[in-house]
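As stored in data39.cif (mmCIF, C-alpha atoms):
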```cif
data_entry
loop_
_atom_site.group_PDB
_atom_site.id
_atom_site.type_symbol
_atom_site.label_atom_id
_atom_site.label_comp_id
_atom_site.auth_asym_id
_atom_site.auth_seq_id
_atom_site.Cartn_x
_atom_site.Cartn_y
_atom_site.Cartn_z
ATOM 1 C CA MET V 1 3.278 30.675 -61.173
ATOM 2 C CA SER V 2 2.799 27.020 -61.971
ATOM 3 C CA GLU V 3 -0.561 25.977 -63.464
ATOM 4 C CA ARG V 4 0.165 22.263 -63.249
ATOM 5 C CA MET V 5 -1.740 19.838 -61.040
ATOM 6 C CA THR V 6 -0.342 19.565 -57.517
ATOM 7 C CA PRO V 7 1.138 16.093 -56.910
ATOM 8 C CA PRO V 8 -0.430 14.266 -53.924
ATOM 9 C CA ALA V 9 2.733 14.339 -51.803
ATOM 10 C CA GLU V 10 3.103 18.060 -52.375
ATOM 11 C CA ALA V 11 -0.576 18.598 -51.538
ATOM 12 C CA ALA V 12 -0.248 16.581 -48.319
ATOM 13 C CA ARG V 13 2.809 18.588 -47.350
ATOM 14 C CA ALA V 14 0.959 21.858 -47.998
ATOM 15 C CA LEU V 15 -1.968 20.667 -45.845
ATOM 16 C CA ARG V 16 0.376 19.753 -43.011
ATOM 17 C CA ASP V 17 1.969 23.187 -43.252
ATOM 18 C CA VAL V 18 -1.446 24.874 -43.094
ATOM 19 C CA GLU V 19 -2.301 22.948 -39.910
ATOM 20 C CA ARG V 20 1.125 23.604 -38.364
ATOM 21 C CA ARG V 21 0.809 27.342 -38.991
ATOM 22 C CA ARG V 22 -2.682 27.391 -37.476
ATOM 23 C CA ASP V 23 -1.339 25.662 -34.347
ATOM 24 C CA GLN V 24 1.507 28.183 -34.260
ATOM 25 C CA ALA V 25 -1.002 31.044 -34.379
ATOM 26 C CA ARG V 26 -3.113 29.518 -31.586
ATOM 27 C CA ALA V 27 -0.022 29.165 -29.389
ATOM 28 C CA SER V 28 0.919 32.814 -29.941
ATOM 29 C CA GLU V 29 -1.597 34.215 -27.460
ATOM 30 C CA GLN V 30 0.829 35.250 -24.724
ATOM 31 C CA GLU V 31 1.301 38.492 -22.872
ATOM 32 C CA SER V 32 3.981 40.299 -20.890
ATOM 33 C CA ARG V 33 4.791 39.291 -17.334
ATOM 34 C CA TRP V 34 3.900 42.767 -16.039
ATOM 35 C CA VAL V 35 0.220 41.987 -16.696
ATOM 36 C CA SER V 36 0.411 38.986 -14.326
ATOM 37 C CA VAL V 37 2.295 41.140 -11.794
ATOM 38 C CA VAL V 38 -0.377 43.869 -11.850
ATOM 39 C CA PHE V 39 -3.231 41.378 -11.398
ATOM 40 C CA GLY V 40 -1.305 39.384 -8.768
ATOM 41 C CA VAL V 41 -0.660 42.540 -6.709
ATOM 42 C CA ALA V 42 -4.285 43.678 -7.140
ATOM 43 C CA ILE V 43 -5.645 40.342 -5.888
ATOM 44 C CA PHE V 44 -3.224 40.368 -2.940
ATOM 45 C CA ALA V 45 -4.288 43.936 -2.066
ATOM 46 C CA GLN V 46 -7.972 42.977 -2.311
ATOM 47 C CA MET V 47 -7.586 40.025 0.055
ATOM 48 C CA ALA V 48 -5.011 41.473 2.468
ATOM 49 C CA ALA V 49 -6.405 45.000 2.901
ATOM 50 C CA PRO V 50 -9.220 44.084 5.362
ATOM 51 C CA ASP V 51 -6.618 42.541 7.707
ATOM 52 C CA PHE V 52 -4.727 45.828 7.951
ATOM 53 C CA VAL V 53 -7.067 48.736 7.188
ATOM 54 C CA GLY V 54 -10.537 47.296 7.863
ATOM 55 C CA ASP V 55 -13.403 46.041 5.707
ATOM 56 C CA ASP V 56 -14.351 49.502 4.387
ATOM 57 C CA VAL V 57 -11.469 49.563 1.932
ATOM 58 C CA ARG V 58 -12.496 46.255 0.331
ATOM 59 C CA SER V 59 -15.222 47.840 -1.812
ATOM 60 C CA TRP V 60 -12.798 50.475 -3.134
ATOM 61 C CA ILE V 61 -10.228 47.864 -4.084
ATOM 62 C CA SER V 62 -12.966 45.746 -5.702
ATOM 63 C CA MET V 63 -13.973 48.769 -7.762
ATOM 64 C CA ALA V 64 -10.340 49.400 -8.750
ATOM 65 C CA ILE V 65 -9.981 45.756 -9.835
ATOM 66 C CA ALA V 66 -13.227 45.995 -11.820
ATOM 67 C CA VAL V 67 -11.925 49.129 -13.614
ATOM 68 C CA LEU V 68 -8.557 47.433 -14.199
ATOM 69 C CA SER V 69 -10.309 44.379 -15.670
ATOM 70 C CA LEU V 70 -12.465 46.577 -17.894
ATOM 71 C CA VAL V 71 -9.431 48.473 -19.219
ATOM 72 C CA TYR V 72 -7.691 45.126 -19.796
ATOM 73 C CA MET V 73 -10.671 43.766 -21.755
ATOM 74 C CA VAL V 74 -10.821 46.905 -23.915
ATOM 75 C CA MET V 75 -7.059 46.741 -24.561
ATOM 76 C CA LEU V 76 -7.344 43.105 -25.620
ATOM 77 C CA ARG V 77 -9.720 44.073 -28.403
ATOM 78 C CA THR V 78 -7.442 46.533 -30.177
ATOM 79 C CA PRO V 79 -4.093 45.949 -31.898
ATOM 80 C CA ARG V 80 -2.469 48.872 -30.045
ATOM 81 C CA GLY V 81 -3.798 47.697 -26.687
ATOM 82 C CA GLY V 82 -2.670 44.165 -27.461
ATOM 83 C CA ALA V 83 0.808 45.470 -28.306
ATOM 84 C CA LEU V 84 0.976 47.310 -24.959
ATOM 85 C CA LEU V 85 0.030 44.055 -23.210
ATOM 86 C CA GLY V 86 2.789 42.273 -25.124
ATOM 87 C CA ARG V 87 0.372 40.276 -27.301
ATOM 88 C CA PRO V 88 1.535 40.016 -30.921
ATOM 89 C CA THR V 89 -1.773 38.483 -32.059
ATOM 90 C CA ARG V 90 -5.393 38.082 -31.071
ATOM 91 C CA VAL V 91 -6.678 34.577 -31.730
ATOM 92 C CA ARG V 92 -10.158 34.486 -33.276
ATOM 93 C CA ARG V 93 -12.820 33.682 -30.704
ATOM 94 C CA ASP V 94 -14.342 31.018 -32.979
ATOM 95 C CA GLU V 95 -11.105 29.049 -32.553
ATOM 96 C CA ILE V 96 -12.039 28.427 -28.881
ATOM 97 C CA SER V 97 -13.580 25.040 -28.306
ATOM 98 C CA PRO V 98 -17.269 25.284 -27.216
ATOM 99 C CA ARG V 99 -16.565 22.620 -24.574
ATOM 100 C CA PHE V 100 -13.945 24.907 -23.008
ATOM 101 C CA VAL V 101 -16.371 27.860 -23.014
ATOM 102 C CA ARG V 102 -18.987 25.768 -21.136
ATOM 103 C CA LEU V 103 -16.339 24.556 -18.670
ATOM 104 C CA ALA V 104 -15.076 28.106 -18.094
ATOM 105 C CA GLN V 105 -18.638 29.320 -17.413
ATOM 106 C CA LEU V 106 -19.156 26.511 -14.888
ATOM 107 C CA VAL V 107 -15.863 27.314 -13.138
ATOM 108 C CA MET V 108 -16.765 31.033 -12.935
ATOM 109 C CA VAL V 109 -20.162 30.218 -11.386
ATOM 110 C CA ALA V 110 -18.502 27.801 -8.919
ATOM 111 C CA VAL V 111 -15.888 30.424 -7.890
ATOM 112 C CA ALA V 112 -18.622 33.055 -7.428
ATOM 113 C CA VAL V 113 -20.668 30.666 -5.235
ATOM 114 C CA ILE V 114 -17.595 29.706 -3.153
ATOM 115 C CA CYS V 115 -16.641 33.393 -2.658
ATOM 116 C CA PHE V 116 -20.231 34.238 -1.646
ATOM 117 C CA LEU V 117 -20.383 31.342 0.844
ATOM 118 C CA ALA V 118 -16.941 32.194 2.230
ATOM 119 C CA THR V 119 -17.833 35.859 2.859
ATOM 120 C CA ARG V 120 -21.258 34.843 4.259
ATOM 121 C CA PHE V 121 -20.124 32.145 6.672
ATOM 122 C CA LEU V 122 -16.423 32.919 7.200
ATOM 123 C CA PRO V 123 -16.323 36.740 7.228
ATOM 124 C CA HIS V 124 -13.066 36.881 9.182
ATOM 125 C CA GLY V 125 -11.512 33.584 8.196
ATOM 126 C CA PRO V 126 -10.738 30.577 10.377
ATOM 127 C CA PHE V 127 -7.544 32.212 11.745
ATOM 128 C CA PRO V 128 -5.992 35.726 11.862
ATOM 129 C CA TYR V 129 -4.615 37.070 8.561
ATOM 130 C CA THR V 130 -6.364 34.377 6.507
ATOM 131 C CA GLY V 131 -7.039 36.888 3.741
ATOM 132 C CA THR V 132 -3.407 37.989 3.651
ATOM 133 C CA VAL V 133 -2.134 34.417 3.433
ATOM 134 C CA VAL V 134 -4.661 33.386 0.758
ATOM 135 C CA GLY V 135 -4.050 36.627 -1.165
ATOM 136 C CA ALA V 136 -0.284 36.111 -1.028
ATOM 137 C CA VAL V 137 -0.608 32.545 -2.312
ATOM 138 C CA ILE V 138 -2.980 33.477 -5.164
ATOM 139 C CA GLY V 139 -1.005 36.618 -6.066
ATOM 140 C CA ALA V 140 2.358 34.831 -6.031
ATOM 141 C CA THR V 141 0.933 31.947 -8.081
ATOM 142 C CA LEU V 142 -0.349 34.397 -10.666
ATOM 143 C CA ILE V 143 2.950 36.315 -10.802
ATOM 144 C CA LEU V 144 5.229 33.266 -10.882
ATOM 145 C CA PHE V 145 3.131 30.865 -12.937
ATOM 146 C CA GLY V 146 0.751 33.206 -14.789
ATOM 147 C CA ARG V 147 2.354 32.640 -18.175
ATOM 148 C CA ASN V 148 2.479 28.858 -17.681
ATOM 149 C CA LEU V 149 -1.152 28.882 -16.597
ATOM 150 C CA GLN V 150 -2.041 30.888 -19.671
ATOM 151 C CA ARG V 151 -0.213 28.408 -21.909
ATOM 152 C CA ALA V 152 -2.083 25.520 -20.250
ATOM 153 C CA MET V 153 -5.410 27.328 -20.678
ATOM 154 C CA ASN V 154 -4.601 28.031 -24.333
ATOM 155 C CA SER V 155 -3.845 24.383 -24.999
ATOM 156 C CA LEU V 156 -7.217 23.461 -23.481
ATOM 157 C CA ALA V 157 -9.129 26.287 -25.160
ATOM 158 C CA PHE V 158 -7.653 25.896 -28.616
ATOM 159 C CA ARG V 159 -7.122 22.143 -28.580
ATOM 160 C CA GLY V 160 -7.654 20.789 -32.094
ATOM 161 C CA ASP V 161 -10.165 18.024 -32.549
ATOM 162 C CA GLY V 162 -8.736 16.862 -35.866
ATOM 163 C CA LYS V 163 -11.191 19.038 -37.773
ATOM 164 C CA SER V 164 -10.248 22.006 -39.843
ATOM 165 C CA GLY V 165 -11.949 25.258 -38.991
ATOM 166 C CA LEU V 166 -11.832 26.067 -42.681
ATOM 167 C CA ASP V 167 -14.126 23.452 -44.111
ATOM 168 C CA GLY V 168 -14.828 20.941 -41.372
ATOM 169 C CA GLY V 169 -12.679 18.258 -42.946
ATOM 170 C CA THR V 170 -9.587 16.534 -41.655
ATOM 171 C CA TYR V 171 -6.297 17.169 -43.292
ATOM 172 C CA GLY V 172 -2.654 17.380 -42.661
ATOM 173 C CA SER V 173 -1.525 13.870 -41.859
ATOM 174 C CA ARG V 174 -2.056 11.924 -45.033
ATOM 175 C CA MET F 1 -8.368 17.911 -60.853
ATOM 176 C CA ASP F 2 -8.967 21.233 -62.513
ATOM 177 C CA PRO F 3 -5.952 23.523 -62.026
ATOM 178 C CA ALA F 4 -8.444 26.380 -61.693
ATOM 179 C CA ASP F 5 -9.424 24.968 -58.289
ATOM 180 C CA PHE F 6 -6.085 26.090 -56.892
ATOM 181 C CA ASP F 7 -5.387 29.658 -55.991
ATOM 182 C CA THR F 8 -2.275 30.635 -57.911
ATOM 183 C CA ALA F 9 -1.177 33.092 -55.206
ATOM 184 C CA LEU F 10 -1.360 30.348 -52.573
ATOM 185 C CA LEU F 11 0.615 27.806 -54.604
ATOM 186 C CA ASP F 12 3.641 29.668 -53.291
ATOM 187 C CA PRO F 13 4.543 27.947 -49.964
ATOM 188 C CA THR F 14 5.559 31.212 -48.280
ATOM 189 C CA ARG F 15 2.298 32.959 -49.118
ATOM 190 C CA LEU F 16 0.354 29.854 -48.047
ATOM 191 C CA SER F 17 2.218 29.945 -44.699
ATOM 192 C CA ILE F 18 1.429 33.636 -44.187
ATOM 193 C CA VAL F 19 -2.261 33.185 -44.942
ATOM 194 C CA SER F 20 -2.424 30.034 -42.752
ATOM 195 C CA LEU F 21 -0.912 31.962 -39.840
ATOM 196 C CA LEU F 22 -3.447 34.751 -40.265
ATOM 197 C CA VAL F 23 -6.554 32.577 -40.689
ATOM 198 C CA GLY F 24 -6.743 31.779 -36.961
ATOM 199 C CA VAL F 25 -6.157 35.320 -35.703
ATOM 200 C CA GLU F 26 -8.014 38.612 -35.862
ATOM 201 C CA TRP F 27 -4.710 40.405 -36.395
ATOM 202 C CA ALA F 28 -1.020 39.725 -36.053
ATOM 203 C CA GLU F 29 1.973 42.000 -35.723
ATOM 204 C CA PHE F 30 4.203 42.109 -38.782
ATOM 205 C CA GLY F 31 7.202 41.241 -36.573
ATOM 206 C CA TRP F 32 5.531 38.120 -35.224
ATOM 207 C CA VAL F 33 4.620 36.916 -38.740
ATOM 208 C CA ARG F 34 8.186 37.600 -39.869
ATOM 209 C CA GLU F 35 9.638 35.551 -36.999
ATOM 210 C CA SER F 36 7.107 32.773 -37.522
ATOM 211 C CA VAL F 37 7.877 32.300 -41.213
ATOM 212 C CA GLY F 38 11.587 33.086 -40.782
ATOM 213 C CA MET F 39 11.874 35.783 -43.429
ATOM 214 C CA SER F 40 13.599 39.132 -43.708
ATOM 215 C CA PRO F 41 11.353 42.208 -43.356
ATOM 216 C CA SER F 42 11.806 43.157 -47.013
ATOM 217 C CA ALA F 43 11.023 39.644 -48.276
ATOM 218 C CA LEU F 44 7.898 39.474 -46.126
ATOM 219 C CA SER F 45 6.839 42.964 -47.260
ATOM 220 C CA LYS F 46 7.026 41.815 -50.857
ATOM 221 C CA GLN F 47 4.853 38.754 -50.217
ATOM 222 C CA VAL F 48 2.392 40.767 -48.141
ATOM 223 C CA SER F 49 2.127 43.340 -50.957
ATOM 224 C CA THR F 50 1.199 40.570 -53.383
ATOM 225 C CA LEU F 51 -1.480 39.299 -51.004
ATOM 226 C CA GLU F 52 -2.707 42.852 -50.350
ATOM 227 C CA THR F 53 -2.997 43.547 -54.081
ATOM 228 C CA ARG F 54 -5.244 40.491 -54.405
ATOM 229 C CA GLY F 55 -7.340 41.703 -51.483
ATOM 230 C CA TYR F 56 -6.376 38.758 -49.254
ATOM 231 C CA VAL F 57 -4.573 40.684 -46.534
ATOM 232 C CA GLU F 58 -5.274 44.017 -44.893
ATOM 233 C CA VAL F 59 -2.317 46.045 -43.622
ATOM 234 C CA LYS F 60 -2.705 48.579 -40.817
ATOM 235 C CA LYS F 61 0.052 50.889 -39.656
ATOM 236 C CA GLY F 62 0.221 52.754 -36.392
ATOM 237 C CA TYR F 63 2.319 53.686 -33.405
ATOM 238 C CA VAL F 64 2.636 52.183 -29.945
ATOM 239 C CA GLY F 65 4.263 54.970 -27.986
ATOM 240 C CA LYS F 66 6.861 56.319 -30.412
ATOM 241 C CA ARG F 67 7.514 52.986 -32.099
ATOM 242 C CA PRO F 68 5.906 52.323 -35.473
ATOM 243 C CA ARG F 69 4.015 49.032 -35.765
ATOM 244 C CA THR F 70 2.357 47.200 -38.621
ATOM 245 C CA TRP F 71 -0.487 44.732 -38.187
ATOM 246 C CA LEU F 72 -1.728 42.204 -40.720
ATOM 247 C CA ALA F 73 -5.207 40.718 -40.937
ATOM 248 C CA LEU F 74 -6.774 38.234 -43.326
ATOM 249 C CA THR F 75 -9.767 39.624 -45.226
ATOM 250 C CA PRO F 76 -12.944 37.571 -45.888
ATOM 251 C CA THR F 77 -11.715 37.260 -49.509
ATOM 252 C CA GLY F 78 -8.423 35.817 -48.276
ATOM 253 C CA ARG F 79 -10.190 33.405 -45.953
ATOM 254 C CA ALA F 80 -12.459 32.213 -48.773
ATOM 255 C CA ALA F 81 -9.448 31.780 -51.077
ATOM 256 C CA LEU F 82 -7.654 29.673 -48.453
ATOM 257 C CA GLU F 83 -10.782 27.544 -47.914
ATOM 258 C CA ARG F 84 -11.035 26.851 -51.667
ATOM 259 C CA HIS F 85 -7.324 26.129 -51.907
ATOM 260 C CA VAL F 86 -7.351 23.746 -48.928
ATOM 261 C CA ALA F 87 -10.430 21.964 -50.323
ATOM 262 C CA ALA F 88 -8.617 21.507 -53.656
ATOM 263 C CA LEU F 89 -5.519 20.158 -51.877
ATOM 264 C CA ARG F 90 -7.670 17.712 -49.897
ATOM 265 C CA ARG F 91 -9.311 16.464 -53.081
ATOM 266 C CA VAL F 92 -5.886 15.757 -54.582
ATOM 267 C CA VAL F 93 -4.868 13.753 -51.511
ATOM 268 C CA GLU F 94 -8.183 11.876 -51.337
ATOM 269 C CA GLU F 95 -8.163 11.015 -55.048
ATOM 270 C CA SER F 96 -4.632 9.723 -54.671
ATOM 271 C CA GLN F 97 -5.681 7.584 -51.705
ATOM 272 C CA ARG F 98 -8.672 6.187 -53.621
ATOM 273 C CA ALA F 99 -6.454 5.376 -56.605
ATOM 274 C CA ALA F 100 -4.003 3.578 -54.294
ATOM 275 C CA GLU F 101 -6.861 1.583 -52.715
ATOM 276 C CA ARG F 102 -8.143 0.574 -56.179
ATOM 277 C CA ARG F 103 -4.657 -0.609 -57.141
ATOM 278 C CA ASP F 104 -4.361 -2.642 -53.937
ATOM 279 C CA ALA F 105 -7.809 -4.235 -54.351
#
```
Serialized structure, structure tokens:
Amino acid sequence: MSERMTPPAEAARALRDVERRRDQARASEQESRWVSVVFGVAIFAQMAAPDFVGDDVRSWISMAIAVLSLVYMVMLRTPRGGALLGRPTRVRRDEISPRFVRLAQLVMVAVAVICFLATRFLPHGPFPYTGTVVGAVIGATLILFGRNLQRAMNSLAFRGDGKSGLDGGTYGSR
Amino acid sequence: MDPADFDTALLDPTRLSIVSLLVGVEWAEFGWVRESVGMSPSALSKQVSTLETRGYVEVKKGYVGKRPRTWLALTPTGRAALERHVAALRRVVEESQRAAERRDA
């Protein structure tokens, strides 16, 4: 192994490679399409069921979705679970931009408030089969565009701000 | 610049690439790392063994169904080594820039 000083051009190239590989790792967080299909079908079932079998079944489907989400979260945390979901890596949580975390929390609160208001004031929807139509749209969007949505979310969540997570300095483009 | 500032294991571009891929993830599948760096399994195994011997990379083996899988993770020692190495590289670049500015002035 060489013990000589690294020439500046070589050092700059190495720094660019480090940054490129980090970006590559951030972009790797993808999962199999079947995960989107399962969640898309579950959301459709949750929204369409009251139109066909009454409101009583809604709580059971909600519970099933909660269990499904819990299992999914547990699987995400282990290498074997990640492999079953088709995820080759798990990006470190400290790579997520704090701004994105705040935005995501706001969006979740807004969705919860909208769902509460919708069930409170529009229990049966403005027209027949509203739940089925909305469920079909959301479910199909998730199934067809789930992976694209995930890529878009990743680019927002892991967007670099020109700072290195290693030492807080900029590097890679000199 | 003191040559001791550089990590000799990370002066190798392939090993630097492997460690840079792993620094942003909690774990990565061996197959994904292999595809990312474009190496053969045996060549990657050799480099990973070197990094594992130095305590930079942790290797876990297991099965998903009946298929064997290997996962790689960067250890705190490996992360610290990469931080020192990157800091040393940045100093080289910055000193070069300062020298160029002095020449231009």
Using the chain letters and numbers from the file, which residues does the PyMOL selection byres ((chain F) within 6 of (chain V)) grab, as a list in words? Pro3, Ser20, Leu21, Gly24, Val25, Glu26, Trp27, Ala28, Glu29, Glu83, Leu89, Val92 and Val93 of chain F
Which polymer residues have any atom within 12 Å of an atom of segment 56-60 of chain F, counting all atoms listed in the file, with same-chain residues fewer than 3 positions away left out, as number ranges by chain? V: 78-80; F: 7, 9-10, 15-16, 18-23, 26-30, 45, 47-53, 63, 68-82
re atom CA of Val133 of chain V and atom CA of Val113 of chain V: distance 20.8 Å
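Here atom CA of Phe127 of chain V is placed at a distance of 26.7 Å from atom CA of Val107 of chain V.
Computed from the coordinates, the atom CA of Pro98 of chain V to atom CA of Ala27 of chain V distance equals 17.8 Å.
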How big is the axis-aligned box around all listed atoms of segment 79-98 of chain F once 5 Å goes on each side, and where's its centre, in Å to one decimal, as lines of an AutoDock Vina configuration file?
```
center_x = -8.5
center_y = 19.8
center_z = -50.5
size_x = 17.8
size_y = 37.2
size_z = 19.1
```
Any chance you could work out the residue set of the PyMOL selection byres ((chain V and resi 144) around 12) here, as an MDAnalysis selection string? chainID V and resid 33:37 39:41 136:143 145:150
Closest of V:Met153, V:Phe158, V:Ser32, V:Phe44 to Ile61 of chain V - atom-to-atom distances counting all atoms listed in the file: V:Phe44
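Of the residues under consideration (V:Phe100, V:Gly86, V:Ala49, V:Arg16), V:Phe100 shows the shortest atom-to-atom contact distance to Ala157 of chain V when counting all atoms listed in the file.
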Spell out the residues picked by the PyMOL selection byres ((chain V and resi 51) around 9) here, as a list in words. Met47, Ala48, Ala49, Pro50, Phe52, Val53, Gly54, Asp55, His124, Pro128, Tyr129, Thr130, Gly131 and Thr132 of chain V
Using C-alpha atoms, can you write the selected residues to a file as a PDB file, keeping the file's coordinate frame?
```
ATOM      1  CA  MET V  47      -7.586  40.025   0.055  1.00  0.00           C
ATOM      2  CA  ALA V  48      -5.011  41.473   2.468  1.00  0.00           C
ATOM      3  CA  ALA V  49      -6.405  45.000   2.901  1.00  0.00           C
ATOM      4  CA  PRO V  50      -9.220  44.084   5.362  1.00  0.00           C
ATOM      5  CA  PHE V  52      -4.727  45.828   7.951  1.00  0.00           C
ATOM      6  CA  VAL V  53      -7.067  48.736   7.188  1.00  0.00           C
ATOM      7  CA  GLY V  54     -10.537  47.296   7.863  1.00  0.00           C
ATOM      8  CA  ASP V  55     -13.403  46.041   5.707  1.00  0.00           C
ATOM      9  CA  HIS V 124     -13.066  36.881   9.182  1.00  0.00           C
ATOM     10  CA  PRO V 128      -5.992  35.726  11.862  1.00  0.00           C
ATOM     11  CA  TYR V 129      -4.615  37.070   8.561  1.00  0.00           C
ATOM     12  CA  THR V 130      -6.364  34.377   6.507  1.00  0.00           C
ATOM     13  CA  GLY V 131      -7.039  36.888   3.741  1.00  0.00           C
ATOM     14  CA  THR V 132      -3.407  37.989   3.651  1.00  0.00           C
TER      15      THR V 132
END
```
With all heavy atoms as the goal, would you fill in the gaps in segment 41-48 of chain V and present it as a tab-separated table (two decimals), keeping the file's coordinate frame?
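Contents of rebuild_28.tsv, as written:
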```
chain	number	residue	atom	x	y	z
V	41	VAL	N	-0.72	41.53	-7.78
V	41	VAL	CA	-0.66	42.54	-6.71
V	41	VAL	C	-2.08	43.02	-6.35
V	41	VAL	O	-2.41	43.18	-5.17
V	41	VAL	CB	0.25	43.72	-7.14
V	41	VAL	CG1	0.12	44.89	-6.16
V	41	VAL	CG2	1.70	43.27	-7.22
V	42	ALA	N	-2.91	43.20	-7.38
V	42	ALA	CA	-4.28	43.68	-7.14
V	42	ALA	C	-5.07	42.65	-6.31
V	42	ALA	O	-5.78	43.03	-5.36
V	42	ALA	CB	-4.98	43.93	-8.47
V	43	ILE	N	-4.92	41.38	-6.64
V	43	ILE	CA	-5.64	40.34	-5.89
V	43	ILE	C	-5.12	40.27	-4.45
V	43	ILE	O	-5.90	40.16	-3.50
V	43	ILE	CB	-5.53	38.98	-6.61
V	43	ILE	CG1	-6.41	39.01	-7.86
V	43	ILE	CG2	-5.95	37.83	-5.69
V	43	ILE	CD1	-6.25	37.83	-8.77
V	44	PHE	N	-3.80	40.38	-4.30
V	44	PHE	CA	-3.22	40.37	-2.94
V	44	PHE	C	-3.77	41.55	-2.13
V	44	PHE	O	-4.19	41.39	-0.98
V	44	PHE	CB	-1.70	40.43	-3.01
V	44	PHE	CG	-1.06	40.61	-1.66
V	44	PHE	CD1	-1.04	39.57	-0.74
V	44	PHE	CD2	-0.50	41.83	-1.29
V	44	PHE	CE1	-0.47	39.74	0.52
V	44	PHE	CE2	0.06	42.01	-0.04
V	44	PHE	CZ	0.08	40.96	0.87
V	45	ALA	N	-3.79	42.74	-2.76
V	45	ALA	CA	-4.29	43.94	-2.07
V	45	ALA	C	-5.75	43.75	-1.67
V	45	ALA	O	-6.14	44.09	-0.54
V	45	ALA	CB	-4.13	45.16	-2.96
V	46	GLN	N	-6.54	43.19	-2.57
V	46	GLN	CA	-7.97	42.98	-2.31
V	46	GLN	C	-8.18	42.07	-1.10
V	46	GLN	O	-9.02	42.32	-0.25
V	46	GLN	CB	-8.60	42.37	-3.58
V	46	GLN	CG	-9.88	41.58	-3.38
V	46	GLN	CD	-11.10	42.49	-3.31
V	46	GLN	OE1	-10.97	43.70	-3.37
V	46	GLN	NE2	-12.27	41.90	-3.15
V	47	MET	N	-7.37	41.01	-1.01
V	47	MET	CA	-7.59	40.02	0.06
V	47	MET	C	-6.89	40.42	1.36
V	47	MET	O	-7.37	40.08	2.45
V	47	MET	CB	-7.12	38.65	-0.41
V	47	MET	CG	-7.87	38.22	-1.66
V	47	MET	SD	-7.97	36.49	-1.93
V	47	MET	CE	-8.93	35.91	-0.58
V	48	ALA	N	-5.77	41.15	1.25
V	48	ALA	CA	-5.01	41.47	2.47
V	48	ALA	C	-5.49	42.76	3.14
V	48	ALA	O	-5.35	42.91	4.35
V	48	ALA	CB	-3.53	41.60	2.12
```
